[in-house]
file model.cif (mmCIF, C-alpha atoms)
data_start
loop_
_atom_site.label_atom_id
_atom_site.label_comp_id
_atom_site.auth_asym_id
_atom_site.auth_seq_id
_atom_site.Cartn_x
_atom_site.Cartn_y
_atom_site.Cartn_z
CA MET A 1 69.97 -85.29 141.95
CA ASN A 2 72.94 -86.21 144.09
CA PRO A 3 73.56 -89.91 144.85
CA PRO A 4 72.72 -91.04 148.40
CA VAL A 5 75.30 -89.99 150.99
CA PRO A 6 77.20 -93.13 152.08
CA ALA A 7 76.52 -94.05 155.68
CA CYS A 8 79.45 -93.20 157.92
CA PRO A 9 80.14 -95.68 160.72
CA PRO A 10 79.40 -93.86 164.01
CA GLU A 11 82.45 -95.34 165.70
CA ALA A 12 84.68 -94.04 162.89
CA ARG A 13 83.24 -90.56 163.29
CA SER A 14 83.81 -90.61 167.06
CA ALA A 15 87.38 -91.82 166.63
CA ALA A 16 88.05 -89.13 164.05
CA LEU A 17 86.78 -86.39 166.35
CA GLU A 18 89.02 -87.59 169.18
CA THR A 19 92.06 -87.66 166.89
CA ALA A 20 91.29 -84.26 165.35
CA VAL A 21 91.02 -82.64 168.78
CA LEU A 22 94.29 -84.21 169.98
CA ALA A 23 96.10 -83.27 166.78
CA ALA A 24 94.80 -79.70 166.74
CA ARG A 25 95.85 -79.11 170.33
CA GLU A 26 99.29 -80.62 169.73
CA ALA A 27 99.86 -78.50 166.62
CA GLY A 28 98.48 -75.44 168.38
CA GLY A 29 100.91 -75.97 171.24
CA ILE A 30 103.80 -76.02 168.78
CA LEU A 31 102.60 -72.81 167.14
CA ARG A 32 102.04 -71.08 170.46
CA THR A 33 105.54 -71.97 171.66
CA ILE A 34 107.18 -70.78 168.46
CA ARG A 35 105.19 -67.55 168.46
CA THR A 36 105.96 -66.87 172.12
CA ARG A 37 109.68 -67.49 171.68
CA GLY A 38 109.81 -65.52 168.43
CA ASP A 39 111.99 -68.13 166.71
CA CYS A 40 109.93 -68.11 163.51
CA ALA A 41 112.29 -69.53 160.88
CA VAL A 42 111.37 -68.67 157.27
CA LEU A 43 111.94 -71.50 154.79
CA ARG A 44 110.72 -69.77 151.62
CA THR A 45 109.23 -66.47 150.52
CA ASP A 46 107.52 -65.23 147.39
CA ALA A 47 105.74 -62.02 146.47
CA HIS A 48 102.59 -62.71 148.48
CA ASP A 49 103.29 -65.62 150.84
CA VAL A 50 105.82 -67.25 153.10
CA LYS A 51 106.52 -70.80 154.21
CA LEU A 52 107.65 -71.20 157.78
CA GLU A 53 109.29 -73.96 159.78
CA ALA A 54 106.22 -73.63 162.00
CA ASP A 55 103.97 -74.83 159.13
CA VAL A 56 106.12 -77.91 158.62
CA ARG A 57 106.51 -78.81 162.28
CA ALA A 58 102.80 -78.44 163.01
CA GLU A 59 101.84 -80.49 159.96
CA GLN A 60 104.30 -83.25 160.86
CA ALA A 61 102.79 -83.48 164.33
CA ILE A 62 99.27 -83.75 162.92
CA THR A 63 100.00 -86.24 160.16
CA SER A 64 102.14 -88.41 162.42
CA LEU A 65 99.25 -88.78 164.86
CA ILE A 66 96.80 -89.49 162.05
CA ARG A 67 99.01 -92.18 160.52
CA GLN A 68 99.49 -93.76 163.94
CA ARG A 69 95.78 -93.84 164.81
CA HIS A 70 94.22 -94.18 161.33
CA PRO A 71 96.72 -96.01 159.12
CA ASP A 72 94.13 -96.86 156.45
CA ASP A 73 93.04 -93.26 155.83
CA GLY A 74 94.27 -90.81 153.21
CA ILE A 75 95.54 -87.32 153.92
CA VAL A 76 95.34 -84.02 152.04
CA ALA A 77 97.58 -81.42 153.69
CA GLU A 78 98.76 -77.96 152.70
CA GLU A 79 102.49 -78.58 152.96
CA SER A 80 102.74 -82.18 151.72
CA GLY A 81 99.82 -82.44 149.28
CA GLY A 82 97.62 -85.51 148.89
CA GLU A 83 98.23 -89.19 149.56
CA ASN A 84 95.81 -92.12 149.27
CA THR A 85 92.94 -89.71 148.60
CA ALA A 86 90.76 -92.41 147.01
CA ARG A 87 90.35 -94.21 150.36
CA PRO A 88 86.98 -93.96 152.16
CA GLY A 89 88.38 -91.91 155.06
CA VAL A 90 90.43 -88.83 154.16
CA TRP A 91 91.89 -86.14 156.44
CA ILE A 92 92.08 -82.53 155.25
CA VAL A 93 94.71 -80.55 157.14
CA ASP A 94 95.93 -76.97 157.31
CA PRO A 95 98.47 -76.87 160.13
CA LEU A 96 98.76 -73.07 160.12
CA ASP A 97 96.11 -71.04 158.36
CA GLY A 98 97.25 -67.43 158.45
CA THR A 99 100.96 -67.98 157.93
CA VAL A 100 101.70 -64.40 156.93
CA ASN A 101 99.80 -63.16 160.00
CA PHE A 102 101.81 -65.54 162.16
CA ALA A 103 105.11 -64.36 160.66
CA HIS A 104 104.20 -60.72 161.40
CA GLY A 105 103.10 -61.36 164.97
CA ASN A 106 99.41 -60.94 164.11
CA PRO A 107 97.37 -63.26 166.39
CA HIS A 108 94.72 -64.14 163.77
CA PHE A 109 95.79 -67.67 162.77
CA SER A 110 94.56 -71.18 163.41
CA THR A 111 94.90 -74.90 162.83
CA SER A 112 92.19 -76.60 160.77
CA ILE A 113 91.55 -80.36 160.59
CA ALA A 114 88.64 -82.12 158.90
CA TRP A 115 87.80 -85.76 158.30
CA ALA A 116 85.70 -86.90 155.36
CA TRP A 117 84.05 -90.25 154.70
CA GLU A 118 83.38 -91.08 151.04
CA GLY A 119 83.82 -87.43 150.09
CA ILE A 120 81.49 -85.97 152.73
CA VAL A 121 83.06 -84.02 155.60
CA GLN A 122 81.92 -85.60 158.87
CA VAL A 123 84.16 -83.94 161.45
CA GLY A 124 85.67 -80.47 161.60
CA VAL A 125 88.00 -78.95 164.19
CA ILE A 126 89.52 -75.46 164.20
CA TYR A 127 91.85 -74.42 166.99
CA ASP A 128 92.82 -70.85 167.84
CA PRO A 129 95.86 -71.49 170.04
CA LEU A 130 96.40 -67.96 171.35
CA ARG A 131 92.81 -67.61 172.59
CA ASP A 132 92.68 -71.34 173.45
CA GLU A 133 89.39 -71.67 171.58
CA LEU A 134 88.62 -75.10 170.14
CA TYR A 135 85.79 -75.21 167.62
CA THR A 136 84.34 -78.63 166.84
CA ALA A 137 81.56 -79.94 164.61
CA VAL A 138 80.22 -83.39 163.87
CA ARG A 139 77.77 -83.84 161.02
CA GLY A 140 74.27 -84.07 162.41
CA SER A 141 75.35 -83.26 165.97
CA GLY A 142 75.85 -79.50 166.00
CA ALA A 143 78.86 -77.26 166.58
CA SER A 144 80.59 -76.01 169.69
CA CYS A 145 83.42 -73.86 171.01
CA ASN A 146 85.20 -75.21 174.08
CA GLY A 147 82.23 -77.50 174.64
CA ALA A 148 79.53 -74.81 174.52
CA ALA A 149 77.06 -74.92 171.63
CA ILE A 150 77.43 -72.17 169.03
CA ARG A 151 75.00 -70.73 166.48
CA VAL A 152 75.36 -68.27 163.64
CA ALA A 153 74.10 -64.75 164.26
CA GLU A 154 70.53 -63.75 163.48
CA THR A 155 71.73 -61.10 161.03
CA ALA A 156 69.38 -61.16 158.05
CA ARG A 157 70.65 -58.45 155.69
CA VAL A 158 74.00 -57.52 154.17
CA SER A 159 73.36 -53.97 155.33
CA GLU A 160 73.51 -55.20 158.93
CA ALA A 161 76.39 -57.61 158.42
CA MET A 162 80.12 -57.78 159.07
CA ILE A 163 81.56 -59.74 156.15
CA ALA A 164 85.00 -61.32 155.93
CA VAL A 165 86.56 -61.65 152.49
CA GLY A 166 89.75 -63.14 151.16
CA ILE A 167 91.72 -61.32 148.49
CA ALA A 168 94.69 -63.11 146.96
CA ALA A 169 96.94 -62.10 144.08
CA PHE A 170 95.32 -64.76 141.87
CA SER A 171 91.69 -64.07 142.84
CA THR A 172 90.92 -60.75 141.19
CA ASP A 173 88.64 -62.30 138.53
CA THR A 174 85.57 -62.21 140.80
CA MET A 175 86.91 -60.08 143.67
CA THR A 176 87.39 -57.02 141.49
CA PRO A 177 87.88 -53.53 142.92
CA GLY A 178 84.32 -52.77 141.81
CA ALA A 179 82.88 -55.82 143.58
CA PHE A 180 84.76 -55.03 146.76
CA ALA A 181 83.65 -51.41 146.62
CA ARG A 182 79.99 -52.41 146.14
CA LEU A 183 80.12 -54.76 149.11
CA ALA A 184 81.97 -52.27 151.30
CA ALA A 185 79.36 -49.63 150.52
CA ALA A 186 76.47 -51.98 151.30
CA ALA A 187 77.68 -53.92 154.33
CA ARG A 188 78.06 -52.61 157.85
CA LYS A 189 81.74 -53.58 157.72
CA VAL A 190 84.04 -55.65 155.50
CA ARG A 191 87.14 -57.29 156.97
CA VAL A 192 90.17 -58.91 155.32
CA THR A 193 91.77 -60.86 158.15
CA GLY A 194 94.09 -63.42 156.53
CA SER A 195 92.82 -66.70 158.02
CA ALA A 196 89.94 -68.30 156.13
CA ALA A 197 89.49 -71.10 158.68
CA LEU A 198 89.23 -68.72 161.62
CA ASP A 199 86.91 -66.43 159.67
CA LEU A 200 84.59 -69.39 159.08
CA ALA A 201 84.73 -70.30 162.77
CA PHE A 202 83.79 -66.71 163.58
CA VAL A 203 80.80 -66.92 161.22
CA ALA A 204 79.73 -70.16 162.92
CA SER A 205 79.96 -68.54 166.36
CA GLY A 206 78.21 -65.28 165.43
CA ARG A 207 81.30 -63.03 165.49
CA MET A 208 81.05 -62.53 161.72
CA ASP A 209 77.99 -62.74 159.50
CA GLY A 210 79.43 -63.92 156.20
CA TYR A 211 82.53 -64.93 154.28
CA TYR A 212 83.54 -65.00 150.61
CA GLU A 213 86.78 -65.93 148.89
CA PRO A 214 87.02 -66.87 145.21
CA ARG A 215 90.34 -68.74 145.15
CA VAL A 216 91.21 -70.59 148.33
CA TYR A 217 92.09 -74.20 149.13
CA ILE A 218 90.11 -77.11 150.48
CA TRP A 219 92.29 -77.43 153.59
CA ASP A 220 91.33 -73.86 154.56
CA LEU A 221 87.61 -74.56 154.19
CA ALA A 222 86.65 -78.15 154.99
CA ALA A 223 86.34 -77.87 158.77
CA GLY A 224 84.92 -74.35 158.78
CA THR A 225 82.12 -74.98 156.30
CA LEU A 226 80.92 -77.93 158.39
CA LEU A 227 81.03 -75.72 161.50
CA ILE A 228 78.79 -73.17 159.80
CA GLU A 229 76.31 -75.76 158.54
CA GLU A 230 76.06 -77.37 161.96
CA ALA A 231 75.66 -73.93 163.57
CA GLY A 232 72.63 -73.15 161.42
CA GLY A 233 74.29 -71.24 158.60
CA THR A 234 74.69 -71.87 154.89
CA ALA A 235 78.01 -72.73 153.25
CA CYS A 236 78.87 -73.60 149.68
CA MET A 237 82.12 -74.49 147.93
CA TRP A 238 82.73 -74.95 144.24
CA ARG A 239 85.81 -75.88 142.24
CA GLY A 240 88.58 -73.44 141.51
CA ARG A 241 91.19 -73.50 138.77
CA ALA A 242 93.93 -75.55 140.40
CA PRO A 243 94.09 -78.89 142.26
CA PHE A 244 92.43 -78.66 145.69
CA GLN A 245 91.40 -75.05 144.96
CA ARG A 246 87.86 -73.89 145.72
CA ALA A 247 85.68 -70.81 145.90
CA CYS A 248 83.64 -70.44 149.08
CA LEU A 249 80.59 -68.48 150.13
CA ALA A 250 79.22 -68.87 153.66
CA ALA A 251 76.91 -66.81 155.85
CA THR A 252 73.83 -66.66 157.98
CA PRO A 253 70.86 -67.81 155.88
CA GLY A 254 69.55 -64.28 155.35
CA VAL A 255 72.91 -62.79 154.42
CA PHE A 256 73.66 -65.74 152.14
CA ALA A 257 70.53 -64.98 150.13
CA GLU A 258 71.82 -61.48 149.33
CA LEU A 259 75.60 -61.85 149.22
CA PRO A 260 76.16 -63.51 145.79
CA ALA A 261 74.67 -60.53 143.95
CA TYR A 262 77.73 -58.43 144.82
CA PHE A 263 80.13 -60.73 142.99
CA GLY A 264 78.51 -61.28 139.59
CA VAL A 265 76.89 -64.02 137.54
CA GLU A 266 79.47 -66.76 138.21
CA VAL A 267 79.05 -66.57 141.98
CA ASN A 268 75.26 -66.29 141.72
CA ASP A 269 75.08 -69.38 139.53
CA CYS A 270 77.51 -71.45 141.60
CA ALA A 271 75.81 -70.55 144.89
CA ARG A 272 72.39 -71.45 143.46
CA THR A 273 73.72 -74.77 142.14
CA CYS A 274 75.22 -75.59 145.55
CA LEU A 275 71.93 -74.84 147.27
CA ASP A 276 70.01 -76.95 144.75
CA ASP A 277 72.44 -79.85 145.21
CA ASN A 278 72.16 -79.63 148.99
CA ALA A 279 68.38 -79.68 148.74
CA ASP A 280 68.32 -82.90 146.68
#
call {"tool": "encode", "arguments": {"input": "model.cif", "output": "structure tokens"}}
result
Amino acid sequence: MNPPVPACPPEARSAALETAVLAAREAGGILRTIRTRGDCAVLRTDAHDVKLEADVRAEQAITSLIRQRHPDDGIVAEESGGENTARPGVWIVDPLDGTVNFAHGNPHFSTSIAWAWEGIVQVGVIYDPLRDELYTAVRGSGASCNGAAIRVAETARVSEAMIAVGIAAFSTDTMTPGAFARLAAAARKVRVTGSAALDLAFVASGRMDGYYEPRVYIWDLAAGTLLIEEAGGTACMWRGRAPFQRACLAATPGVFAELPAYFGVEVNDCARTCLDDNAD
């Protein structure tokens, strides 16, 4: 059985939501301006990823605001790593999720900011700056997009579902060609879009029905999994093989019940353990 969830001060949760919204919009404005101007400076490339000046500038804007408004909190961020992560309040930040999309002019990217209290995510914000869609969730208070309540779709079967998956160079252990082929044959459609955070927001708002990625990072997932839970869906994360790395499965309740079977014993067992832990 899990230990009791520490009570989060309501005023701290409200302050975190306000900061997350301000920070997401500020970072999104930076990304939108860079994308519109086309001055997308590349700082580093490797075989499967890039690091852009846009990532750094957006993260600096977010973390600067957090440090100004919440000086006692820790921060885990994609570009700068973790600092003071043992503190009760910790921010989890991905300034630009979908960097490769952004670099290629693909509009599917987002900013993701979450705030956790004693290890439990309490606030999640995902901002899609090109569509100007701001997704927010507060634990126990539901989820919304631009102020309107959102719910997951009523899709109950994989055969009726549009599923987003993430496939990275280091994730082929459970996302094998056979697993992908089985899912593609069973689902209505499978999509590989390149932004985990925005995929999760789409599941929360009913635009997608499920999501799976075996090797992704906590800053891509923290806000989006809370969005899905608060929108009536089911979301589970379990540890990956590197610091801050996770696997994630999230879907409508009906699709979640069927989806693990396509990815083998490890995913089945981890998803069941997550559900059992959440039920305690």
call {"tool": "atom_distance", "arguments": {"input": "model.cif", "atom1": "CA of Thr225 in chain A", "atom2": "CA of Arg87 in chain A"}}
result
21.7 Å
call {"tool": "residues_around", "arguments": {"input": "model.cif", "residues": "range 132-147 of chain A", "least_positions_apart": "5", "cutoff": "8 Å", "atoms": "only C-alpha atoms", "output": "list in words"}}
result
Arg13, Leu17, Val121, Gln122, Val123, Gly124, Val125, Ile126, Tyr127, Ala201, Ser205, Ala223, Leu226, Leu227, Ile228, Glu230 and Ala231 of chain A
call {"tool": "resolve_selection", "arguments": {"input": "model.cif", "expression": "the PyMOL selection byres ((chain A and resi 106-109) around 10)", "output": "ChimeraX atom specification"}}
result
/A:28,31-32,35,95-105,110-112,127-131,193-199
call {"tool": "atom_distance", "arguments": {"input": "model.cif", "atom1": "CA of Thr85 in chain A", "atom2": "CA of Asp73 in chain A"}}
result
8.1 Å
call {"tool": "residues_around", "arguments": {"input": "model.cif", "residues": "range 251-258 of chain A", "least_positions_apart": "4", "cutoff": "10 Å", "atoms": "all atoms listed in the file", "output": "PyMOL selection string"}}
result
chain A and resi 151-164+200+203-204+206+208-212+225+228-229+231-236+262+268+271-272
call {"tool": "write_last_selection", "arguments": {"input": "model.cif", "atoms": "C-alpha atoms", "output": "PDB file, keeping the file's coordinate frame"}}
result
ATOM      1  CA  ARG A 151      75.000 -70.730 166.480  1.00  0.00           C
ATOM      2  CA  VAL A 152      75.360 -68.270 163.640  1.00  0.00           C
ATOM      3  CA  ALA A 153      74.100 -64.750 164.260  1.00  0.00           C
ATOM      4  CA  GLU A 154      70.530 -63.750 163.480  1.00  0.00           C
ATOM      5  CA  THR A 155      71.730 -61.100 161.030  1.00  0.00           C
ATOM      6  CA  ALA A 156      69.380 -61.160 158.050  1.00  0.00           C
ATOM      7  CA  ARG A 157      70.650 -58.450 155.690  1.00  0.00           C
ATOM      8  CA  VAL A 158      74.000 -57.520 154.170  1.00  0.00           C
ATOM      9  CA  SER A 159      73.360 -53.970 155.330  1.00  0.00           C
ATOM     10  CA  GLU A 160      73.510 -55.200 158.930  1.00  0.00           C
ATOM     11  CA  ALA A 161      76.390 -57.610 158.420  1.00  0.00           C
ATOM     12  CA  MET A 162      80.120 -57.780 159.070  1.00  0.00           C
ATOM     13  CA  ILE A 163      81.560 -59.740 156.150  1.00  0.00           C
ATOM     14  CA  ALA A 164      85.000 -61.320 155.930  1.00  0.00           C
ATOM     15  CA  LEU A 200      84.590 -69.390 159.080  1.00  0.00           C
ATOM     16  CA  VAL A 203      80.800 -66.920 161.220  1.00  0.00           C
ATOM     17  CA  ALA A 204      79.730 -70.160 162.920  1.00  0.00           C
ATOM     18  CA  GLY A 206      78.210 -65.280 165.430  1.00  0.00           C
ATOM     19  CA  MET A 208      81.050 -62.530 161.720  1.00  0.00           C
ATOM     20  CA  ASP A 209      77.990 -62.740 159.500  1.00  0.00           C
ATOM     21  CA  GLY A 210      79.430 -63.920 156.200  1.00  0.00           C
ATOM     22  CA  TYR A 211      82.530 -64.930 154.280  1.00  0.00           C
ATOM     23  CA  TYR A 212      83.540 -65.000 150.610  1.00  0.00           C
ATOM     24  CA  THR A 225      82.120 -74.980 156.300  1.00  0.00           C
ATOM     25  CA  ILE A 228      78.790 -73.170 159.800  1.00  0.00           C
ATOM     26  CA  GLU A 229      76.310 -75.760 158.540  1.00  0.00           C
ATOM     27  CA  ALA A 231      75.660 -73.930 163.570  1.00  0.00           C
ATOM     28  CA  GLY A 232      72.630 -73.150 161.420  1.00  0.00           C
ATOM     29  CA  GLY A 233      74.290 -71.240 158.600  1.00  0.00           C
ATOM     30  CA  THR A 234      74.690 -71.870 154.890  1.00  0.00           C
ATOM     31  CA  ALA A 235      78.010 -72.730 153.250  1.00  0.00           C
ATOM     32  CA  CYS A 236      78.870 -73.600 149.680  1.00  0.00           C
ATOM     33  CA  TYR A 262      77.730 -58.430 144.820  1.00  0.00           C
ATOM     34  CA  ASN A 268      75.260 -66.290 141.720  1.00  0.00           C
ATOM     35  CA  ALA A 271      75.810 -70.550 144.890  1.00  0.00           C
ATOM     36  CA  ARG A 272      72.390 -71.450 143.460  1.00  0.00           C
TER      37      ARG A 272
END
call {"tool": "resolve_selection", "arguments": {"input": "model.cif", "expression": "the PyMOL selection byres ((chain A and resi 270) around 12)", "output": "compact mmCIF listing (two decimals) with C-alpha atoms, in the coordinates of the input"}}
result
# COMPACT_ATOMS: atom_id res chain seq x y z
CA PRO A 214 87.02 -66.87 145.21
CA ALA A 235 78.01 -72.73 153.25
CA CYS A 236 78.87 -73.60 149.68
CA MET A 237 82.12 -74.49 147.93
CA TRP A 238 82.73 -74.95 144.24
CA ARG A 239 85.81 -75.88 142.24
CA GLY A 240 88.58 -73.44 141.51
CA ARG A 246 87.86 -73.89 145.72
CA ALA A 247 85.68 -70.81 145.90
CA CYS A 248 83.64 -70.44 149.08
CA LEU A 249 80.59 -68.48 150.13
CA PRO A 260 76.16 -63.51 145.79
CA ALA A 261 74.67 -60.53 143.95
CA PHE A 263 80.13 -60.73 142.99
CA GLY A 264 78.51 -61.28 139.59
CA VAL A 265 76.89 -64.02 137.54
CA GLU A 266 79.47 -66.76 138.21
CA VAL A 267 79.05 -66.57 141.98
CA ASN A 268 75.26 -66.29 141.72
CA ASP A 269 75.08 -69.38 139.53
CA ALA A 271 75.81 -70.55 144.89
CA ARG A 272 72.39 -71.45 143.46
CA THR A 273 73.72 -74.77 142.14
CA CYS A 274 75.22 -75.59 145.55
CA LEU A 275 71.93 -74.84 147.27
CA ASP A 276 70.01 -76.95 144.75
CA ASP A 277 72.44 -79.85 145.21
call {"tool": "closest_residue", "arguments": {"input": "model.cif", "among": "A:Ile75, A:Ala27, A:Ala58, A:Leu52", "to": "Pro88 in chain A", "atoms": "only C-alpha atoms"}}
result
A:Ile75
call {"tool": "atom_distance", "arguments": {"input": "model.cif", "atom1": "CA of Phe202 in chain A", "atom2": "CA of Arg188 in chain A"}}
result
16.3 Å
call {"tool": "closest_residue", "arguments": {"input": "model.cif", "among": "A:Gly178, A:Val165, A:Arg215, A:Arg25", "to": "Val192 in chain A", "atoms": "all atoms listed in the file"}}
result
A:Val165
call {"tool": "closest_residue", "arguments": {"input": "model.cif", "among": "A:Gly166, A:Gly119, A:Pro177, A:Gly224", "to": "Ala7 in chain A", "atoms": "only C-alpha atoms"}}
result
A:Gly119
call {"tool": "closest_residue", "arguments": {"input": "model.cif", "among": "A:Glu18, A:Glu118, A:Glu26, A:Glu11", "to": "Arg57 in chain A", "atoms": "only C-alpha atoms"}}
result
A:Glu26
call {"tool": "decode", "arguments": {"input": "model.cif", "residues": "range 193-267 of chain A", "atoms": "C-alpha atoms", "output": "PDB file, in the first residue's frame"}}
result
ATOM      1  CA  THR A 193       3.679  12.804 -34.017  1.00  0.00           C
ATOM      2  CA  GLY A 194       6.880  13.786 -32.179  1.00  0.00           C
ATOM      3  CA  SER A 195       5.508  15.671 -29.156  1.00  0.00           C
ATOM      4  CA  ALA A 196       4.620  13.491 -26.178  1.00  0.00           C
ATOM      5  CA  ALA A 197       3.194  16.395 -24.158  1.00  0.00           C
ATOM      6  CA  LEU A 198       0.862  17.514 -26.926  1.00  0.00           C
ATOM      7  CA  ASP A 199      -0.171  13.915 -27.621  1.00  0.00           C
ATOM      8  CA  LEU A 200      -1.179  13.576 -23.966  1.00  0.00           C
ATOM      9  CA  ALA A 201      -3.115  16.847 -24.134  1.00  0.00           C
ATOM     10  CA  PHE A 202      -4.904  15.494 -27.198  1.00  0.00           C
ATOM     11  CA  VAL A 203      -5.834  12.319 -25.307  1.00  0.00           C
ATOM     12  CA  ALA A 204      -7.168  14.448 -22.449  1.00  0.00           C
ATOM     13  CA  SER A 205      -9.287  16.504 -24.848  1.00  0.00           C
ATOM     14  CA  GLY A 206     -10.635  13.572 -26.885  1.00  0.00           C
ATOM     15  CA  ARG A 207      -8.591  14.191 -30.049  1.00  0.00           C
ATOM     16  CA  MET A 208      -6.629  10.982 -29.451  1.00  0.00           C
ATOM     17  CA  ASP A 209      -7.696   7.869 -27.565  1.00  0.00           C
ATOM     18  CA  GLY A 210      -4.408   6.551 -26.209  1.00  0.00           C
ATOM     19  CA  TYR A 211      -0.662   7.032 -25.971  1.00  0.00           C
ATOM     20  CA  TYR A 212       2.323   4.753 -25.354  1.00  0.00           C
ATOM     21  CA  GLU A 213       6.052   5.421 -25.289  1.00  0.00           C
ATOM     22  CA  PRO A 214       8.576   3.124 -23.613  1.00  0.00           C
ATOM     23  CA  ARG A 215      11.527   5.485 -23.154  1.00  0.00           C
ATOM     24  CA  VAL A 216      10.614   9.119 -22.631  1.00  0.00           C
ATOM     25  CA  TYR A 217      11.409  11.675 -19.935  1.00  0.00           C
ATOM     26  CA  ILE A 218       9.507  12.957 -16.943  1.00  0.00           C
ATOM     27  CA  TRP A 219       9.431  16.540 -18.248  1.00  0.00           C
ATOM     28  CA  ASP A 220       7.531  15.314 -21.328  1.00  0.00           C
ATOM     29  CA  LEU A 221       4.932  13.499 -19.228  1.00  0.00           C
ATOM     30  CA  ALA A 222       4.270  15.140 -15.869  1.00  0.00           C
ATOM     31  CA  ALA A 223       1.739  17.759 -16.965  1.00  0.00           C
ATOM     32  CA  GLY A 224       0.044  15.596 -19.577  1.00  0.00           C
ATOM     33  CA  THR A 225      -0.588  12.588 -17.354  1.00  0.00           C
ATOM     34  CA  LEU A 226      -2.303  14.835 -14.801  1.00  0.00           C
ATOM     35  CA  LEU A 227      -4.417  16.335 -17.596  1.00  0.00           C
ATOM     36  CA  ILE A 228      -5.577  12.868 -18.613  1.00  0.00           C
ATOM     37  CA  GLU A 229      -6.373  11.777 -15.061  1.00  0.00           C
ATOM     38  CA  GLU A 230      -8.344  14.948 -14.399  1.00  0.00           C
ATOM     39  CA  ALA A 231     -10.163  14.536 -17.730  1.00  0.00           C
ATOM     40  CA  GLY A 232     -11.403  11.083 -16.760  1.00  0.00           C
ATOM     41  CA  GLY A 233      -8.716   8.937 -18.372  1.00  0.00           C
ATOM     42  CA  THR A 234      -6.101   6.562 -17.018  1.00  0.00           C
ATOM     43  CA  ALA A 235      -2.374   7.304 -17.066  1.00  0.00           C
ATOM     44  CA  CYS A 236       0.566   5.359 -15.702  1.00  0.00           C
ATOM     45  CA  MET A 237       4.305   5.993 -15.667  1.00  0.00           C
ATOM     46  CA  TRP A 238       7.057   3.664 -14.551  1.00  0.00           C
ATOM     47  CA  ARG A 239      10.814   4.043 -14.360  1.00  0.00           C
ATOM     48  CA  GLY A 240      13.051   3.820 -17.378  1.00  0.00           C
ATOM     49  CA  ARG A 241      16.744   3.033 -17.604  1.00  0.00           C
ATOM     50  CA  ALA A 242      18.262   6.481 -17.194  1.00  0.00           C
ATOM     51  CA  PRO A 243      17.819   9.383 -14.742  1.00  0.00           C
ATOM     52  CA  PHE A 244      14.437  11.088 -15.207  1.00  0.00           C
ATOM     53  CA  GLN A 245      13.483   8.513 -17.858  1.00  0.00           C
ATOM     54  CA  ARG A 246      10.053   6.871 -17.781  1.00  0.00           C
ATOM     55  CA  ALA A 247       7.730   4.645 -19.765  1.00  0.00           C
ATOM     56  CA  CYS A 248       4.176   5.916 -20.145  1.00  0.00           C
ATOM     57  CA  LEU A 249       0.834   4.401 -21.026  1.00  0.00           C
ATOM     58  CA  ALA A 250      -2.277   6.588 -21.065  1.00  0.00           C
ATOM     59  CA  ALA A 251      -5.728   6.255 -22.605  1.00  0.00           C
ATOM     60  CA  THR A 252      -9.442   6.312 -22.137  1.00  0.00           C
ATOM     61  CA  PRO A 253     -10.355   3.732 -19.468  1.00  0.00           C
ATOM     62  CA  GLY A 254     -11.632   1.210 -22.005  1.00  0.00           C
ATOM     63  CA  VAL A 255      -8.672   1.513 -24.349  1.00  0.00           C
ATOM     64  CA  PHE A 256      -6.251   1.387 -21.412  1.00  0.00           C
ATOM     65  CA  ALA A 257      -7.651  -2.007 -20.419  1.00  0.00           C
ATOM     66  CA  GLU A 258      -6.717  -3.455 -23.830  1.00  0.00           C
ATOM     67  CA  LEU A 259      -3.608  -1.527 -24.869  1.00  0.00           C
ATOM     68  CA  PRO A 260      -0.869  -3.172 -22.730  1.00  0.00           C
ATOM     69  CA  ALA A 261      -1.422  -6.560 -24.375  1.00  0.00           C
ATOM     70  CA  TYR A 262       0.135  -5.278 -27.607  1.00  0.00           C
ATOM     71  CA  PHE A 263       3.484  -4.538 -25.968  1.00  0.00           C
ATOM     72  CA  GLY A 264       4.311  -7.693 -24.017  1.00  0.00           C
ATOM     73  CA  VAL A 265       4.695  -8.902 -20.454  1.00  0.00           C
ATOM     74  CA  GLU A 266       6.763  -5.978 -19.133  1.00  0.00           C
ATOM     75  CA  VAL A 267       4.166  -3.385 -20.101  1.00  0.00           C
TER      76      VAL A 267
END
